[in-house]
file structure_35.cif (mmCIF, C-alpha atoms)
data_query
#
loop_
_atom_site.label_atom_id
_atom_site.label_comp_id
_atom_site.auth_asym_id
_atom_site.auth_seq_id
_atom_site.Cartn_x
_atom_site.Cartn_y
_atom_site.Cartn_z
CA MET C 1 13.69 -10.43 -14.05
CA THR C 2 14.49 -9.62 -10.42
CA THR C 3 11.54 -8.85 -8.15
CA THR C 4 12.27 -6.60 -5.18
CA LEU C 5 10.19 -5.40 -2.24
CA ILE C 6 11.13 -2.25 -0.33
CA THR C 7 9.54 -1.28 2.98
CA GLY C 8 8.94 2.41 3.65
CA ALA C 9 9.23 3.15 -0.07
CA ASN C 10 6.96 6.16 -0.49
CA LYS C 11 9.66 8.74 0.33
CA GLY C 12 13.32 9.33 1.12
CA LEU C 13 15.80 6.50 0.78
CA GLY C 14 13.10 3.95 0.03
CA TYR C 15 11.68 6.00 -2.83
CA GLU C 16 15.09 6.70 -4.35
CA THR C 17 16.08 3.04 -4.03
CA ALA C 18 12.88 2.10 -5.85
CA ARG C 19 13.59 4.61 -8.61
CA ARG C 20 17.11 3.32 -9.16
CA LEU C 21 16.15 -0.35 -9.08
CA ILE C 22 13.27 0.16 -11.49
CA GLU C 23 15.72 1.94 -13.75
CA ALA C 24 18.04 -1.08 -13.40
CA GLY C 25 15.27 -3.40 -14.59
CA HIS C 26 13.84 -4.73 -11.32
CA THR C 27 10.15 -5.27 -10.78
CA VAL C 28 9.71 -3.29 -7.58
CA TRP C 29 7.01 -3.62 -4.94
CA MET C 30 6.85 -0.35 -3.02
CA GLY C 31 5.59 -0.99 0.49
CA ALA C 32 4.00 1.87 2.40
CA ARG C 33 1.71 2.17 5.39
CA ASP C 34 -0.26 5.08 3.91
CA GLU C 35 -2.19 3.82 0.88
CA VAL C 36 -2.70 7.21 -0.78
CA ARG C 37 0.95 8.24 -0.55
CA GLY C 38 2.14 4.77 -1.42
CA ARG C 39 0.02 4.53 -4.55
CA GLU C 40 1.08 8.01 -5.66
CA ALA C 41 4.74 7.10 -5.23
CA ALA C 42 4.39 3.82 -7.10
CA GLU C 43 2.48 5.46 -9.96
CA ALA C 44 5.12 8.17 -10.24
CA LEU C 45 7.91 5.63 -10.67
CA GLY C 46 6.17 2.76 -12.42
CA GLY C 47 6.43 0.48 -9.42
CA ASN C 48 3.84 -1.76 -7.79
CA PHE C 49 2.19 -0.58 -4.60
CA VAL C 50 1.54 -2.93 -1.70
CA GLN C 51 0.04 -1.76 1.57
CA LEU C 52 2.57 -2.64 4.25
CA ASP C 53 2.71 -1.63 7.89
CA VAL C 54 5.87 -3.26 9.22
CA THR C 55 4.54 -3.12 12.80
CA SER C 56 1.55 -5.34 11.98
CA ASP C 57 1.62 -9.12 11.54
CA SER C 58 -1.57 -9.13 9.50
CA SER C 59 -0.34 -6.36 7.19
CA VAL C 60 3.00 -8.02 6.47
CA GLU C 61 1.36 -11.41 6.03
CA ALA C 62 -1.12 -9.94 3.54
CA ALA C 63 1.66 -8.18 1.65
CA ALA C 64 3.61 -11.42 1.39
CA ALA C 65 0.52 -13.15 0.01
CA THR C 66 0.10 -10.41 -2.59
CA VAL C 67 3.71 -10.67 -3.72
CA ALA C 68 3.56 -14.48 -3.76
CA ALA C 69 0.44 -14.45 -5.94
CA ALA C 70 2.20 -12.17 -8.42
CA GLY C 71 5.12 -14.56 -8.87
CA GLY C 72 7.46 -14.42 -5.89
CA LEU C 73 10.35 -12.41 -4.51
CA ASP C 74 14.11 -12.22 -5.01
CA VAL C 75 15.19 -9.20 -2.97
CA LEU C 76 13.82 -7.88 0.33
CA ILE C 77 14.97 -4.42 1.42
CA ASN C 78 14.12 -3.60 5.04
CA ASN C 79 14.21 0.17 4.87
CA ALA C 80 11.32 1.42 7.04
CA GLY C 81 12.47 3.15 10.20
CA ILE C 82 11.84 5.99 12.66
CA THR C 83 14.09 8.08 14.89
CA GLY C 84 11.73 8.39 17.83
CA PRO C 85 11.00 11.60 19.77
CA ASN C 86 13.51 14.44 19.66
CA VAL C 87 13.72 14.98 23.41
CA PRO C 88 16.51 14.92 26.03
CA PRO C 89 17.47 11.35 26.99
CA GLU C 90 16.07 11.78 30.50
CA GLU C 91 12.63 12.32 28.98
CA LEU C 92 12.58 9.10 26.96
CA THR C 93 10.03 6.53 28.06
CA ALA C 94 9.63 2.80 27.75
CA ALA C 95 6.80 3.45 25.30
CA ASP C 96 9.20 5.47 23.15
CA ALA C 97 11.65 2.57 23.17
CA GLU C 98 8.94 0.09 22.23
CA ALA C 99 7.90 2.26 19.28
CA VAL C 100 11.43 2.71 17.93
CA TYR C 101 12.46 -0.89 18.40
CA GLY C 102 9.11 -2.10 17.10
CA THR C 103 9.57 -0.25 13.82
CA ASN C 104 13.34 -0.53 13.37
CA VAL C 105 14.14 -3.97 14.79
CA VAL C 106 11.11 -6.15 15.46
CA SER C 107 9.82 -5.35 11.97
CA ILE C 108 12.81 -7.13 10.42
CA VAL C 109 11.97 -10.28 12.35
CA ARG C 110 8.39 -9.88 11.12
CA THR C 111 9.28 -9.42 7.44
CA MET C 112 11.71 -12.31 7.59
CA GLN C 113 9.00 -14.52 9.11
CA PHE C 114 6.52 -13.90 6.30
CA PHE C 115 8.80 -13.34 3.30
CA LEU C 116 11.35 -16.07 4.00
CA PRO C 117 9.28 -18.78 2.27
CA LEU C 118 9.25 -16.65 -0.90
CA LEU C 119 12.96 -15.89 -0.73
CA ARG C 120 13.77 -19.59 -0.34
CA GLU C 121 12.16 -20.22 -3.72
CA SER C 122 14.49 -17.73 -5.43
CA GLU C 123 17.88 -18.65 -6.90
CA THR C 124 19.15 -15.12 -6.18
CA ALA C 125 17.66 -14.55 -2.72
CA THR C 126 18.89 -11.34 -1.14
CA VAL C 127 18.06 -9.33 1.97
CA VAL C 128 19.33 -5.79 2.52
CA ASN C 129 18.84 -4.29 5.97
CA VAL C 130 19.18 -0.51 6.08
CA THR C 131 21.15 0.25 9.21
CA SER C 132 23.31 3.25 10.15
CA GLY C 133 26.82 4.25 11.09
CA LEU C 134 25.16 5.61 14.22
CA GLY C 135 24.84 2.00 15.32
CA SER C 136 28.54 1.31 14.78
CA PHE C 137 30.66 1.22 17.95
CA ALA C 138 33.71 2.13 15.89
CA ALA C 139 32.05 5.17 14.29
CA VAL C 140 30.52 6.64 17.44
CA HIS C 141 33.88 6.43 19.24
CA ASP C 142 35.76 8.13 16.39
CA PRO C 143 35.90 11.91 17.06
CA ALA C 144 36.61 12.53 13.38
CA ARG C 145 33.19 11.17 12.40
CA VAL C 146 29.85 12.95 12.65
CA GLU C 147 28.37 9.91 14.38
CA SER C 148 30.42 10.70 17.49
CA GLN C 149 28.54 13.98 17.94
CA VAL C 150 25.06 12.45 18.07
CA VAL C 151 23.23 11.52 21.28
CA SER C 152 20.13 9.51 20.38
CA PRO C 153 19.96 6.42 22.60
CA LEU C 154 16.99 4.70 21.03
CA TYR C 155 17.71 5.20 17.34
CA THR C 156 21.43 4.44 17.59
CA SER C 157 21.00 1.32 19.69
CA SER C 158 18.19 0.08 17.44
CA LYS C 159 20.54 0.30 14.47
CA SER C 160 23.19 -1.67 16.36
CA ALA C 161 20.53 -4.32 16.80
CA VAL C 162 19.72 -4.24 13.07
CA THR C 163 23.35 -4.87 12.22
CA MET C 164 23.58 -7.82 14.62
CA LEU C 165 20.30 -9.24 13.32
CA THR C 166 21.87 -9.12 9.87
CA VAL C 167 24.86 -11.16 11.00
CA GLN C 168 22.72 -13.70 12.82
CA TYR C 169 20.26 -14.19 9.97
CA ALA C 170 23.16 -14.55 7.55
CA ARG C 171 24.53 -17.39 9.68
CA ALA C 172 21.11 -18.97 10.02
CA PHE C 173 20.36 -18.87 6.29
CA PRO C 174 23.65 -19.23 4.39
CA GLU C 175 21.80 -19.83 1.12
CA ILE C 176 20.56 -16.21 1.19
CA ARG C 177 22.79 -13.15 0.81
CA ILE C 178 21.89 -11.05 3.86
CA ASN C 179 23.82 -7.82 4.36
CA ALA C 180 23.47 -4.41 6.02
CA ALA C 181 23.85 -1.02 4.36
CA ASP C 182 24.76 2.30 5.99
CA PRO C 183 23.37 5.16 3.87
CA GLY C 184 25.59 7.71 5.60
CA TYR C 185 24.55 11.22 6.65
CA THR C 186 21.93 11.77 3.97
CA ALA C 187 19.44 14.63 3.65
CA THR C 188 16.07 13.01 4.44
CA ASP C 189 13.03 13.70 6.61
CA LEU C 190 14.64 11.65 9.40
CA ASN C 191 17.22 14.38 10.05
CA GLY C 192 15.26 17.41 8.89
CA ARG C 193 17.17 17.26 5.58
CA GLN C 194 20.36 18.36 7.32
CA GLY C 195 22.45 15.49 5.92
CA THR C 196 25.43 16.31 3.76
CA GLN C 197 24.81 13.59 1.15
CA THR C 198 22.19 13.58 -1.57
CA VAL C 199 19.52 10.92 -1.45
CA GLN C 200 21.14 9.26 -4.47
CA GLU C 201 24.47 9.04 -2.64
CA GLY C 202 22.62 7.69 0.37
CA THR C 203 21.24 4.79 -1.64
CA ASP C 204 24.54 3.74 -3.21
CA ALA C 205 25.25 0.98 -0.67
CA ILE C 206 21.66 -0.26 -0.70
CA VAL C 207 21.55 -0.51 -4.49
CA GLU C 208 24.98 -2.14 -4.57
CA LEU C 209 23.82 -4.95 -2.29
CA ALA C 210 20.46 -5.31 -4.04
CA THR C 211 21.99 -5.76 -7.48
CA ARG C 212 24.58 -8.47 -6.79
CA GLY C 213 22.28 -11.16 -8.14
CA GLY C 214 22.45 -13.36 -5.08
CA THR C 215 26.25 -13.55 -5.17
CA GLY C 216 29.05 -12.21 -2.99
CA PRO C 217 29.61 -12.21 0.75
CA THR C 218 26.89 -12.41 3.38
CA GLY C 219 26.66 -11.06 6.90
CA THR C 220 28.58 -7.89 6.03
CA PHE C 221 28.08 -4.20 6.77
CA ILE C 222 28.94 -1.68 4.04
CA ASP C 223 28.60 2.00 3.23
CA ARG C 224 29.02 3.68 -0.15
CA SER C 225 32.81 3.45 0.15
CA GLY C 226 32.91 -0.29 0.88
CA PRO C 227 33.11 -2.41 4.05
CA ALA C 228 32.28 -0.46 7.21
CA ALA C 229 33.43 -0.97 10.78
CA PHE C 230 30.94 -2.58 13.17
#

call {"tool": "encode", "arguments": {"input": "structure_35.cif", "output": "structure tokens"}}
result
Amino acid sequence: MTTTLITGANKGLGYETARRLIEAGHTVWMGARDEVRGREAAEALGGNFVQLDVTSDSSVEAAAATVAAAGGLDVLINNAGITGPNVPPEELTAADAEAVYGTNVVSIVRTMQFFLPLLRESETATVVNVTSGLGSFAAVHDPARVESQVVSPLYTSSKSAVTMLTVQYARAFPEIRINAADPGYTATDLNGRQGTQTVQEGTDAIVELATRGGTGPTGTFIDRSGPAAF
């Protein structure tokens, strides 16, 4: 049986990904910073809760120890993320940047640091990084796409960094399938539920990558329609 850990799994894309993967037969660890909400979410779906604050070394290290003690890990889904403050760009501060990058980018380095030893023991090791078309240079320069209408310097640039981290980790660890998924413009709390896709549609690319059984290409960037432009 495949064992999967999802960060930020108590709501939105993380929660729906957990639901679908549990339905597909995965043993799913649902990571959440808030213990009450995380436990409620896990109990609702039949998943396993693990307290996980992706901005904390000690929290991620403890979560990795918990998962290791239970038998190991096959799939890591780095889903946790924030948009940062909704203010004009001239009002953004260095502290805002540190918060967004700390949650969206640095956290992936942190989870890789502590979960990599577990993944290396799996024959189907897989990492899925949830990125965004808003971090795609091709998408934001295409006037036909909604991404070209968004001005959000911190979130968009952090997702560009996530995509490049994906490529670099894939090159560094060719024995692991490491890919990035763009959920698309999905109705979640991150955008005030204004997205045009359902949360199930938004998880299509994530679930696709998580259920390949450690096979297929690595270092790629896909959305629910297939390969996406960087």

call {"tool": "closest_residue", "arguments": {"input": "structure_35.cif", "among": "C:Thr17, C:Thr7, C:Thr188, C:Thr103", "to": "C:Ser56", "atoms": "all atoms listed in the file"}}
result
C:Thr103

call {"tool": "atom_distance", "arguments": {"input": "structure_35.cif", "atom1": "atom CA of C:Ser152", "atom2": "atom CA of C:Phe137"}}
result
13.6 Å

call {"tool": "resolve_selection", "arguments": {"input": "structure_35.cif", "expression": "the PyMOL selection byres ((chain C and resi 97) around 12)", "output": "list in words"}}
result
Ile82, Thr83, Gly84, Pro85, Pro89, Glu91, Leu92, Thr93, Ala94, Ala95, Asp96, Glu98, Ala99, Val100, Tyr101, Gly102, Thr103, Asn104, Val105, Val106, Ser152, Pro153, Leu154, Tyr155, Thr156, Ser157 and Ser158 of chain C

call {"tool": "residues_around", "arguments": {"input": "structure_35.cif", "residues": "stretch 177-186 of chain C", "least_positions_apart": "6", "cutoff": "7 Å", "atoms": "all atoms listed in the file", "output": "VMD selection string"}}
result
chain C and resid 125 to 133 163 166 170 195 to 199 202 to 203 205 to 206 214 to 215 217 to 223

call {"tool": "atom_distance", "arguments": {"input": "structure_35.cif", "atom1": "atom CA of C:Thr4", "atom2": "atom CA of C:Ile77"}}
result
7.5 Å

call {"tool": "residues_around", "arguments": {"input": "structure_35.cif", "residues": "stretch 107-119 of chain C", "least_positions_apart": "3", "cutoff": "6 Å", "atoms": "only C-alpha atoms", "output": "list in words"}}
result
Val54, Thr55, Glu61, Ala64, Gly72, Leu73, Asp74, Thr103, Ser122 and Ala125 of chain C

call {"tool": "atom_distance", "arguments": {"input": "structure_35.cif", "atom1": "atom CA of C:Gly47", "atom2": "atom CA of C:Glu121"}}
result
22.2 Å

call {"tool": "residues_around", "arguments": {"input": "structure_35.cif", "residues": "stretch 23-38 of chain C", "least_positions_apart": "5", "cutoff": "6 Å", "atoms": "all atoms listed in the file", "output": "JSON, numbers by chain"}}
result
{"C": [2, 3, 4, 5, 6, 7, 8, 9, 10, 47, 48, 49, 50, 51, 52, 53]}

call {"tool": "closest_residue", "arguments": {"input": "structure_35.cif", "among": "C:Asp142, C:Glu201, C:Glu16, C:Glu208", "to": "C:Leu45", "atoms": "only C-alpha atoms"}}
result
C:Glu16

call {"tool": "residues_around", "arguments": {"input": "structure_35.cif", "residues": "C:Ala138", "least_positions_apart": "5", "cutoff": "12 Å", "atoms": "all atoms listed in the file", "output": "VMD selection string"}}
result
chain C and resid 132 to 133 143 to 148 160 228 to 230

call {"tool": "build_atoms", "arguments": {"input": "structure_35.cif", "residues": "stretch 57-75 of chain C", "atoms": "N, CA and C atoms", "output": "compact mmCIF listing (two decimals), in the frame of the given file"}}
result
# COMPACT_ATOMS: atom_id res chain seq x y z
N ASP C 57 1.53 -7.77 12.09
CA ASP C 57 1.62 -9.12 11.54
C ASP C 57 0.68 -9.30 10.37
N SER C 58 -0.57 -8.89 10.55
CA SER C 58 -1.57 -9.13 9.50
C SER C 58 -1.24 -8.37 8.23
N SER C 59 -0.70 -7.15 8.36
CA SER C 59 -0.34 -6.36 7.19
C SER C 59 0.81 -6.98 6.42
N VAL C 60 1.84 -7.41 7.13
CA VAL C 60 3.00 -8.02 6.47
C VAL C 60 2.61 -9.37 5.86
N GLU C 61 1.80 -10.12 6.56
CA GLU C 61 1.36 -11.41 6.03
C GLU C 61 0.55 -11.22 4.74
N ALA C 62 -0.32 -10.22 4.73
CA ALA C 62 -1.12 -9.94 3.54
C ALA C 62 -0.25 -9.47 2.38
N ALA C 63 0.76 -8.65 2.69
CA ALA C 63 1.66 -8.18 1.65
C ALA C 63 2.45 -9.34 1.04
N ALA C 64 2.89 -10.25 1.88
CA ALA C 64 3.61 -11.42 1.39
C ALA C 64 2.72 -12.27 0.48
N ALA C 65 1.45 -12.39 0.84
CA ALA C 65 0.52 -13.15 0.01
C ALA C 65 0.32 -12.48 -1.35
N THR C 66 0.25 -11.16 -1.35
CA THR C 66 0.10 -10.41 -2.59
C THR C 66 1.30 -10.61 -3.51
N VAL C 67 2.48 -10.51 -2.94
CA VAL C 67 3.71 -10.67 -3.72
C VAL C 67 3.85 -12.11 -4.21
N ALA C 68 3.49 -13.07 -3.38
CA ALA C 68 3.56 -14.48 -3.76
C ALA C 68 2.62 -14.76 -4.93
N ALA C 69 1.42 -14.21 -4.88
CA ALA C 69 0.44 -14.45 -5.94
C ALA C 69 0.88 -13.86 -7.27
N ALA C 70 1.73 -12.83 -7.20
CA ALA C 70 2.20 -12.17 -8.42
C ALA C 70 3.43 -12.84 -9.00
N GLY C 71 3.98 -13.84 -8.29
CA GLY C 71 5.12 -14.56 -8.87
C GLY C 71 6.32 -14.77 -7.99
N GLY C 72 6.34 -14.16 -6.80
CA GLY C 72 7.46 -14.42 -5.89
C GLY C 72 8.35 -13.23 -5.65
N LEU C 73 9.46 -13.49 -4.95
CA LEU C 73 10.35 -12.41 -4.51
C LEU C 73 11.80 -12.86 -4.54
N ASP C 74 12.67 -11.95 -4.98
CA ASP C 74 14.11 -12.22 -5.01
C ASP C 74 14.88 -11.38 -4.00
N VAL C 75 14.45 -10.13 -3.83
CA VAL C 75 15.19 -9.20 -2.97
C VAL C 75 14.23 -8.52 -1.99
